[in-house]
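In what follows, a structure is listed as structure tokens, so that the remarks can point back to it.
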Number of protein chains: 2
Amino acid sequence: MEVFSFHNPTRILFGEGQIHELGHDMKLDGISKCLLIAGGGSLKENGAYGQITKSLSNAGITLYESWGVQANPTLDKVREIVTLAKSLAVDAVLAAGGGSVIDTAKAVAAGVYLNDPWHAFTEEEKVHAALPIYTVLTLSATGSEMNGNAVITNSETKQKWGMFSPLVFPRLSVIDPSLQSSLPFKQTANGAVDAIAHILEFYFADDKAISTLAINEALMNTIMEMTDRLKQNPKDLVARANLAWSATLALNGISGAGLKEGDWACHGIEHAFSALHPEISHGEGLGVIFPAWIEYISEKEPSRFVRWAKKVWNEDNIAKAVRRFRDKLQSWEMATSLRDLGIKQNELPVLLDMIMLQPEIGGVFKLKKEEVRSLLMLAF
Amino acid sequence: MEVFSFHNPTRILFGEGQIHELGHDMKLDGISKCLLIAGGGSLKENGAYGQITKSLSNAGITLYESWGVQANPTLDKVREIVTLAKSLAVDAVLAAGGGSVIDTAKAVAAGVYLNDPWHAFTEEEKVHAALPIYTVLTLSATGSEMNGNAVITNSETKQKWGMFSPLVFPRLSVIDPSLQSSLPFKQTANGAVDAIAHILEFYFADDKAISTLAINEALMNTIMEMTDRLKQNPKDLVARANLAWSATLALNGISGAGLKEGDWACHGIEHAFSALHPEISHGEGLGVIFPAWIEYISEKEPSRFVRWAKKVWNEDNIAKAVRRFRDKLQSWEMATSLRDLGIKQNELPVLLDMIMLQPEIGGVFKLKKEEVRSLLMLAF
């Protein structure tokens with residue numbers, strides 16, 4: 001088992017109705033002026049907005065609002081909110097939404113202390129301070145509610161890049177699974193695949209972290225079982241809750257303990273898909289690239305993939321397990337090829353160039369440009 | 001899934017040689033005078049003591065020392081160290097040892113701010129402050145390196161009681177599994193059973209926390225597999241590392257998420273065994289009472305025990321799973337009855353009275369005095 005460090009200071013309040021604690025807890029932390037960061041109107045439809053304003057108002061916290069964060073959130077929006085946050089001199093941000101909203105809030109929280117928030121992503125400046133971040137999660141997928149990661153797209157340069165800082169772990173995240181009851185199944189499934197992909201980025205990194213591998217198998221199996229249940233019945237609150245908690249654990253440090261830094265080739269590749277075509281959802285893109293990546297890498301180094309085939313799919317054969325994985329995605333009505341995603345063959349060279357802008361593709365199984373090209377063909 | 005909160009701010013440095021980071025990290029936290037709390041000389045034999053003094057000395061931290069904490073640590077020792085810590089005016093405690101040492105350090109850290117450290121256990125005083133706690137773990141068992149719990153025995157009243165406070169989570173714990181390479185197998189197995197028992201205290205509390213149940217099965221299976229490997233080869237560092245991390249996760253909040261507060265009847269009962277006979281190890285006592293408890297409770301409410309039989313033992317039948325559990329303990333040369341532990345039948349009434357001193361036996365499956373008596377007979 002590799003040497004590792006683990007530190008996750010985020011407090012979690014999990015369960016129906018837990019938003020009502022939020023204002024009280026923020027007040028205890030000394031917050032008095034807070035900027036709500038949110039996406040579209042679903043926050044008002046699912047009842048979260050009303051609960052938030054009530055809880056903060058009861059605690060005497062002044063709430064300002066910034067709406068309109070979209071999927072694959074942009075640097076332009078981050079810059080706009082940084083300006084607002086500075087002019088209002090808020091002492092905290094409250095992200096209410098899914099990963100896009102939370103990532104935007106993180107970039108804002110760190111960005112108010114930088115010359116340009118994009119510098120946190122290019123590492124031109126070191127993140128040295130951040131506003132306290134609170135979150136109310138409305139879509140389980142990215143795990144951003146309990147980690148120090150954020151991914152933002154620079155529309156100008158078409159770079160969809162990530163940052164990490166211990167300073168942008170949320171102070172407190174409320175995970176109320178009942179807020180997700182009215183999500184279209186498509187979004188639920190995208191979130192589930194995103195969570196599975198986070199686990200897979202770590203899973204093949206080292207066969208000696210047996211405890212973490214066993215936990216990761218438990219999480220993958222639970223996520224798939226719960227997603228199947230939600231396809232049958234979107235109101236199944238037990239399935240909703242277990243999917244939500246599994247997705248949080250999929251990227252809060254637990255799933256990566258002893259597994260180096262993970263691989264992240266598939267995330268790097270997928271970010272190019274959705275940077276080129278912002279209508280492609282991150283989860284769906286990952287569902288296309290990951291089975292292809294497993295096929296491609298396992299041919300060279302089968303041993304680590306045999307355990308996955310056995311423990312997750314109960315198959316003795318990697319090829320059969322990959323087929324079962326694709327069948328599962330299809331049963332959730334998700335794309336299983338680049339073509340399905342709407343990517344044209346003549347876009348592959350552009351995609352390849354965008355992917356190769358990153359300093360490295362794959363932390364464990366490093367891929368050269370020729371190999372990424374072959375992988376894209378396989379996924380096409 | 002029940003409403004729950006999760007917050008675990010302890011930093012973990014895991015792996016061989018990680019002690020060398022300790023002094024640097026303590027210095028960053030502003031520590032300059034620290035009291036080492038330890039047990040016997042094994043700390044010098046396994047090399048940890050030399051690494052600790054070097055790391056702290058390099059960081060310019062003054063180190064005082066208090067040795068002699070024993071298994072089933074006592075209030076007398078806590079009071080003695082509180083007096084020392086106050087007179088030295090240290091600004092942190094560093095526990096280097098197993099759970100007994102860490103629990104003592106927690107009672108000391110909180111105790112220096114109380115009229116009497118025992119009041120943290122009787123709740124006569126609220127824990128309102130604590131010295132920062134650092135730990136170097138040398139025996140994986142109690143999980144105390146990453147939680148806010150401590151158990152101390154009041155020899156005068158024969159009460160072995162627990163406390164919890166968010167203020168006594170260690171700031172930083174170093175888990176270097178190689179320090180455990182020279183442990184006798186008996187101690188390794190006791191630690192493994194303690195960790196399994198922590199998981200079992202939560203496992204049967206609610207069948208709706210499917211994600212946590214699946215993780216707990218992964219942890220129990222890993223702990224048993226690694227312990228079997230260590231019986232064959234105590235120098236198996238991969239097994240040692242995975243056992244260590246699983247034992248930490250067994251009581252750091254992950255294993256209990258969505259499972260209420262757990263049951264804890266077996267811990268309450270076992271504490272009486274080792275309060276009456278301090279030579280009984282906590283793990284061995286738990287290994288005797290838990291299978292009997294499962295037999296006893298599952299007769300009344302079989303449904304939650306069927307999953308355990310299936311997922312952990314691959315058995316369709318609870319009785320067979322309990323038999324397999326006892327066989328496993330026997331294969332580790334552990335006691336499987338109160339008689340094996342050296343308890344005499346004529347001591348059962350005294351034990352029963354000691355157990356019933358606690359306000360409640362069992363948080364989920366509440367046991368009356370008559371039921372505890374039957375359970376003791378079954379375990380005898």
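In the structure tokens, chains take the letters A, B, ... in the order shown, each chain's residues start at 1, and ligands count up from 1 in the order shown.
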
Give me every alpha helix (DSSP H) residue in stretch 66-211 of chain A, going by DSSP on the backbone, as a PDB file with C-alpha atoms, in the first residue's frame.
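Listed below is the output, states_25.pdb:
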```
ATOM      1  CA  LEU A  75     -14.503  31.255 -16.401  1.00  0.00           C
ATOM      2  CA  ASP A  76     -16.505  34.260 -17.607  1.00  0.00           C
ATOM      3  CA  LYS A  77     -19.192  33.484 -15.052  1.00  0.00           C
ATOM      4  CA  VAL A  78     -16.575  32.986 -12.340  1.00  0.00           C
ATOM      5  CA  ARG A  79     -15.032  36.388 -13.115  1.00  0.00           C
ATOM      6  CA  GLU A  80     -18.460  38.045 -13.073  1.00  0.00           C
ATOM      7  CA  ILE A  81     -19.269  36.581  -9.644  1.00  0.00           C
ATOM      8  CA  VAL A  82     -15.827  37.422  -8.256  1.00  0.00           C
ATOM      9  CA  THR A  83     -16.494  41.073  -9.109  1.00  0.00           C
ATOM     10  CA  LEU A  84     -19.873  40.900  -7.424  1.00  0.00           C
ATOM     11  CA  ALA A  85     -18.516  39.132  -4.322  1.00  0.00           C
ATOM     12  CA  LYS A  86     -15.801  41.759  -3.949  1.00  0.00           C
ATOM     13  CA  SER A  87     -18.187  44.676  -4.367  1.00  0.00           C
ATOM     14  CA  LEU A  88     -20.628  43.210  -1.824  1.00  0.00           C
ATOM     15  CA  GLY A  99     -21.113  20.189  -9.237  1.00  0.00           C
ATOM     16  CA  SER A 100     -21.094  23.076 -11.729  1.00  0.00           C
ATOM     17  CA  VAL A 101     -22.445  25.481  -9.139  1.00  0.00           C
ATOM     18  CA  ILE A 102     -20.157  24.206  -6.378  1.00  0.00           C
ATOM     19  CA  ASP A 103     -17.086  24.327  -8.622  1.00  0.00           C
ATOM     20  CA  THR A 104     -17.974  27.880  -9.627  1.00  0.00           C
ATOM     21  CA  ALA A 105     -18.312  28.814  -5.950  1.00  0.00           C
ATOM     22  CA  LYS A 106     -14.871  27.332  -5.226  1.00  0.00           C
ATOM     23  CA  ALA A 107     -13.272  29.240  -8.090  1.00  0.00           C
ATOM     24  CA  VAL A 108     -14.957  32.404  -6.811  1.00  0.00           C
ATOM     25  CA  ALA A 109     -13.975  31.769  -3.178  1.00  0.00           C
ATOM     26  CA  ALA A 110     -10.315  31.436  -4.124  1.00  0.00           C
ATOM     27  CA  GLY A 111     -10.556  33.929  -6.984  1.00  0.00           C
ATOM     28  CA  HIS A 119      -4.516  31.559 -12.326  1.00  0.00           C
ATOM     29  CA  ALA A 120      -5.649  28.964  -9.767  1.00  0.00           C
ATOM     30  CA  PHE A 121      -6.084  26.557 -12.699  1.00  0.00           C
ATOM     31  CA  THR A 122      -2.949  27.446 -14.641  1.00  0.00           C
ATOM     32  CA  PHE A 185     -33.568   9.907 -14.934  1.00  0.00           C
ATOM     33  CA  LYS A 186     -31.035  11.042 -17.543  1.00  0.00           C
ATOM     34  CA  GLN A 187     -29.429  13.416 -15.030  1.00  0.00           C
ATOM     35  CA  THR A 188     -29.476  10.814 -12.281  1.00  0.00           C
ATOM     36  CA  ALA A 189     -27.712   8.352 -14.583  1.00  0.00           C
ATOM     37  CA  ASN A 190     -25.145  10.945 -15.704  1.00  0.00           C
ATOM     38  CA  GLY A 191     -24.346  11.615 -12.075  1.00  0.00           C
ATOM     39  CA  ALA A 192     -24.043   7.908 -11.327  1.00  0.00           C
ATOM     40  CA  VAL A 193     -21.600   7.398 -14.198  1.00  0.00           C
ATOM     41  CA  ASP A 194     -19.553  10.386 -13.079  1.00  0.00           C
ATOM     42  CA  ALA A 195     -19.277   8.856  -9.605  1.00  0.00           C
ATOM     43  CA  ILE A 196     -18.357   5.430 -11.006  1.00  0.00           C
ATOM     44  CA  ALA A 197     -15.729   7.100 -13.188  1.00  0.00           C
ATOM     45  CA  HIS A 198     -14.159   8.793 -10.156  1.00  0.00           C
ATOM     46  CA  ILE A 199     -13.778   5.418  -8.507  1.00  0.00           C
ATOM     47  CA  LEU A 200     -12.388   3.840 -11.684  1.00  0.00           C
ATOM     48  CA  GLU A 201      -9.750   6.585 -12.001  1.00  0.00           C
ATOM     49  CA  PHE A 202      -8.285   5.263  -8.740  1.00  0.00           C
ATOM     50  CA  TYR A 203      -9.235   1.614  -8.922  1.00  0.00           C
ATOM     51  CA  ILE A 210      -6.841  -4.098  -0.907  1.00  0.00           C
ATOM     52  CA  SER A 211      -9.003  -2.322   1.689  1.00  0.00           C
TER      53      SER A 211
END
```

Distance-based interface of chain A with chain B, 10 Å, counting only C-alpha atoms, as a ChimeraX atom specification: /A:1-18,171-177,208-223,225-226,237-247,249,254,257-258

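Pairwise distance (atom CA of A:Trp118, atom CA of A:Ala71) equals 17.8 Å.
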
Selected residue of minimal separation from B:Leu63 among B:Lys33, B:His271, B:Lys344, B:Lys44, counting only C-alpha atoms: B:Lys33

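Here the question is which of B:Val93, B:Leu183, B:Leu259, B:Val306 gets nearest to B:Asn233 using only C-alpha atoms, and that residue is B:Leu183.
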
Coordinates-based distance that separates atom CA of B:Ala275 from atom CA of B:Asn346 (Å, one decimal):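 Distance between the two atoms: 16.5 Å.
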
Residue list (strand (DSSP E or B), DSSP) for stretch 152-306 of chain B, as an mmCIF file with C-alpha atoms, in the first residue's frame:
```cif
data_model
loop_
_atom_site.group_PDB
_atom_site.id
_atom_site.type_symbol
_atom_site.label_atom_id
_atom_site.label_comp_id
_atom_site.auth_asym_id
_atom_site.auth_seq_id
_atom_site.Cartn_x
_atom_site.Cartn_y
_atom_site.Cartn_z
ATOM 1 C CA ILE B 152 -11.029 4.751 30.739
ATOM 2 C CA THR B 153 -11.403 2.480 33.778
ATOM 3 C CA ASN B 154 -12.090 3.882 37.220
ATOM 4 C CA GLN B 159 -16.472 1.410 35.950
ATOM 5 C CA LYS B 160 -14.973 1.155 32.440
ATOM 6 C CA TRP B 161 -16.721 4.040 30.747
ATOM 7 C CA GLY B 162 -16.492 5.938 27.486
ATOM 8 C CA MET B 163 -16.629 9.595 26.494
ATOM 9 C CA PHE B 164 -17.038 11.422 23.189
ATOM 10 C CA LEU B 172 -2.820 14.490 13.149
ATOM 11 C CA SER B 173 -2.252 10.751 13.398
ATOM 12 C CA VAL B 174 0.677 8.885 11.915
ATOM 13 C CA ILE B 175 -0.197 5.313 10.955
#
```

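Atom CA of B:Gln180 sits 19.2 Å away from atom CA of B:Glu333.
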
Shell around B:Gly287 at 12 Å using only C-alpha atoms, local window under 4 positions removed, as a ChimeraX atom specification: /B:189-198,200,266-267,269-270,280-283,291-294,322,325-330,332-338,340-341,379

What does the file look like for those residues with C-alpha atoms, as an mmCIF file, in the first residue's frame?
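The result, stored in again00.cif:
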```cif
data_model
loop_
_atom_site.group_PDB
_atom_site.id
_atom_site.type_symbol
_atom_site.label_atom_id
_atom_site.label_comp_id
_atom_site.auth_asym_id
_atom_site.auth_seq_id
_atom_site.Cartn_x
_atom_site.Cartn_y
_atom_site.Cartn_z
ATOM 1 C CA ALA B 189 -5.845 -10.778 16.281
ATOM 2 C CA ASN B 190 -7.236 -8.941 19.322
ATOM 3 C CA GLY B 191 -6.997 -5.702 17.373
ATOM 4 C CA ALA B 192 -8.703 -7.256 14.352
ATOM 5 C CA VAL B 193 -11.608 -8.510 16.472
ATOM 6 C CA ASP B 194 -11.962 -5.109 18.121
ATOM 7 C CA ALA B 195 -12.227 -3.500 14.666
ATOM 8 C CA ILE B 196 -14.748 -6.111 13.470
ATOM 9 C CA ALA B 197 -16.769 -5.521 16.627
ATOM 10 C CA HIS B 198 -16.891 -1.765 15.950
ATOM 11 C CA LEU B 200 -20.835 -5.003 13.936
ATOM 12 C CA CYS B 266 -21.586 -5.887 23.336
ATOM 13 C CA HIS B 267 -19.084 -3.165 24.144
ATOM 14 C CA ILE B 269 -21.013 -5.913 28.333
ATOM 15 C CA GLU B 270 -17.374 -6.551 27.483
ATOM 16 C CA ILE B 280 -8.857 -10.025 29.668
ATOM 17 C CA SER B 281 -8.097 -8.199 26.448
ATOM 18 C CA HIS B 282 -10.897 -6.096 25.016
ATOM 19 C CA GLY B 283 -10.725 -7.808 21.616
ATOM 20 C CA PRO B 291 -21.347 -14.279 18.344
ATOM 21 C CA ALA B 292 -23.558 -14.997 21.362
ATOM 22 C CA TRP B 293 -25.308 -11.638 20.948
ATOM 23 C CA ILE B 294 -25.930 -12.326 17.248
ATOM 24 C CA VAL B 322 -22.220 -17.683 13.615
ATOM 25 C CA PHE B 325 -17.429 -16.664 12.925
ATOM 26 C CA ARG B 326 -16.514 -18.736 16.019
ATOM 27 C CA ASP B 327 -14.377 -21.077 13.894
ATOM 28 C CA LYS B 328 -12.512 -18.071 12.530
ATOM 29 C CA LEU B 329 -11.836 -16.785 16.055
ATOM 30 C CA GLN B 330 -10.671 -20.230 17.118
ATOM 31 C CA TRP B 332 -6.795 -17.220 15.540
ATOM 32 C CA GLU B 333 -6.434 -19.029 18.897
ATOM 33 C CA MET B 334 -8.959 -16.816 20.639
ATOM 34 C CA ALA B 335 -11.434 -17.645 23.372
ATOM 35 C CA THR B 336 -14.994 -18.387 22.271
ATOM 36 C CA SER B 337 -16.711 -18.635 25.676
ATOM 37 C CA LEU B 338 -16.680 -16.813 29.005
ATOM 38 C CA ASP B 340 -12.315 -19.808 28.009
ATOM 39 C CA LEU B 341 -11.740 -16.250 29.216
ATOM 40 C CA ALA B 379 -21.835 -16.913 26.157
#
```

Exercise: stretch 369-376 of chain B partners within 8 Å, only C-alpha atoms, chain neighbours under 6 positions left out, as JSON, numbers by chain: {"B": [289, 292, 293, 296, 348, 352, 356]}
